[in-house]
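Asks: Supplied in structure tokens, the structure appears directly below.
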Amino acid sequence: MSFGSADRLEQHLGVEPGAVTLLAVFNDPAHAVELFVDEDLWQAEAFQFHPIVNTATLVISRDEVMRFLRLTGHHLHLVKVPEKKDDEG
């Protein structure tokens, strides 16, 4: 699992590196992009996103994120991302 290249970000989401945002799936009507979110992170009440450019930030509730994804036809995949262990662990 990784971020896309600069070319793929532009092609599928219409954004450039540094401005990647979940909101860019609006620019993906072909559903070429899959969304993966850490299960623990998804427990938050709200999230911060750039509105396609990284000069501003929006705070959007989890319920509104789900509503947005339904409206765009995208599905959210929750995954368990393991914690990073230090050298002693």
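Starting from 1 in every chain, residues are counted up; chains themselves are A, B, ... following the order of the structure tokens, and ligands are numbered from 1 as listed.
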Near A:Ser61, counting only C-alpha atoms, which residues have an atom at most 10 Å away, once you skip same-chain residues fewer than 2 positions from it, shown as a JSON list (two decimals) with N, CA, C and O atoms, in the first residue's frame?
Replies:
```json
[["chain", "number", "residue", "atom", "x", "y", "z"],
["A", 44, "ALA", "N", -12.03, 8.68, 15.58],
["A", 44, "ALA", "CA", -12.12, 10.11, 15.87],
["A", 44, "ALA", "C", -13.50, 10.64, 15.48],
["A", 44, "ALA", "O", -14.16, 10.12, 14.58],
["A", 45, "GLU", "N", -13.93, 11.67, 16.17],
["A", 45, "GLU", "CA", -15.23, 12.30, 15.88],
["A", 45, "GLU", "C", -15.21, 13.13, 14.60],
["A", 45, "GLU", "O", -16.22, 13.26, 13.92],
["A", 46, "ALA", "N", -14.03, 13.70, 14.29],
["A", 46, "ALA", "CA", -13.90, 14.56, 13.12],
["A", 46, "ALA", "C", -12.48, 14.47, 12.58],
["A", 46, "ALA", "O", -11.57, 14.01, 13.28],
["A", 47, "PHE", "N", -12.31, 14.93, 11.35],
["A", 47, "PHE", "CA", -11.02, 14.85, 10.66],
["A", 47, "PHE", "C", -10.72, 16.17, 9.99],
["A", 47, "PHE", "O", -11.62, 16.95, 9.69],
["A", 48, "GLN", "N", -9.45, 16.41, 9.73],
["A", 48, "GLN", "CA", -9.03, 17.62, 9.02],
["A", 48, "GLN", "C", -8.56, 17.26, 7.63],
["A", 48, "GLN", "O", -7.77, 16.32, 7.46],
["A", 58, "LEU", "N", -10.11, 22.04, 6.37],
["A", 58, "LEU", "CA", -11.51, 21.92, 6.81],
["A", 58, "LEU", "C", -11.59, 20.85, 7.89],
["A", 58, "LEU", "O", -10.88, 19.85, 7.83],
["A", 59, "VAL", "N", -12.48, 21.04, 8.86],
["A", 59, "VAL", "CA", -12.76, 20.01, 9.86],
["A", 59, "VAL", "C", -14.12, 19.42, 9.51],
["A", 59, "VAL", "O", -15.11, 20.15, 9.41],
["A", 63, "ASP", "N", -19.41, 11.36, 10.35],
["A", 63, "ASP", "CA", -20.68, 11.14, 9.64],
["A", 63, "ASP", "C", -20.72, 11.87, 8.29],
["A", 63, "ASP", "O", -21.21, 11.34, 7.30],
["A", 64, "GLU", "N", -20.21, 13.07, 8.26],
["A", 64, "GLU", "CA", -20.20, 13.84, 7.00],
["A", 64, "GLU", "C", -19.19, 13.27, 6.01],
["A", 64, "GLU", "O", -19.42, 13.32, 4.80],
["A", 65, "VAL", "N", -18.08, 12.70, 6.51],
["A", 65, "VAL", "CA", -17.14, 12.02, 5.61],
["A", 65, "VAL", "C", -17.84, 10.84, 4.96],
["A", 65, "VAL", "O", -17.75, 10.64, 3.74],
["A", 66, "MET", "N", -18.58, 10.06, 5.75],
["A", 66, "MET", "CA", -19.30, 8.92, 5.19],
["A", 66, "MET", "C", -20.36, 9.37, 4.18],
["A", 66, "MET", "O", -20.53, 8.75, 3.14],
["A", 67, "ARG", "N", -21.04, 10.45, 4.48],
["A", 67, "ARG", "CA", -22.04, 10.99, 3.55],
["A", 67, "ARG", "C", -21.37, 11.40, 2.23],
["A", 67, "ARG", "O", -21.86, 11.09, 1.14]]
```
Asks: May I have the residues within 12 Å of A:Thr55 as a list in words, using only C-alpha atoms and disregarding those fewer than 5 positions away in the same chain?
Replies: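 Listed by chain and then number, they are Gly18, Ala19, Val20, Phe49 and His50 of chain A.
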Asks: How many Å lie between atom CA of A:Val53 and atom CA of A:Asn27, rounded to one decimal?
Replies: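 Here the two named atoms are 13.1 Å from each other.
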Asks: What is the atom CA of A:Lys80 to atom CA of A:Asp40 distance in Å?
Replies: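 Those two atoms sit 7.4 Å apart.
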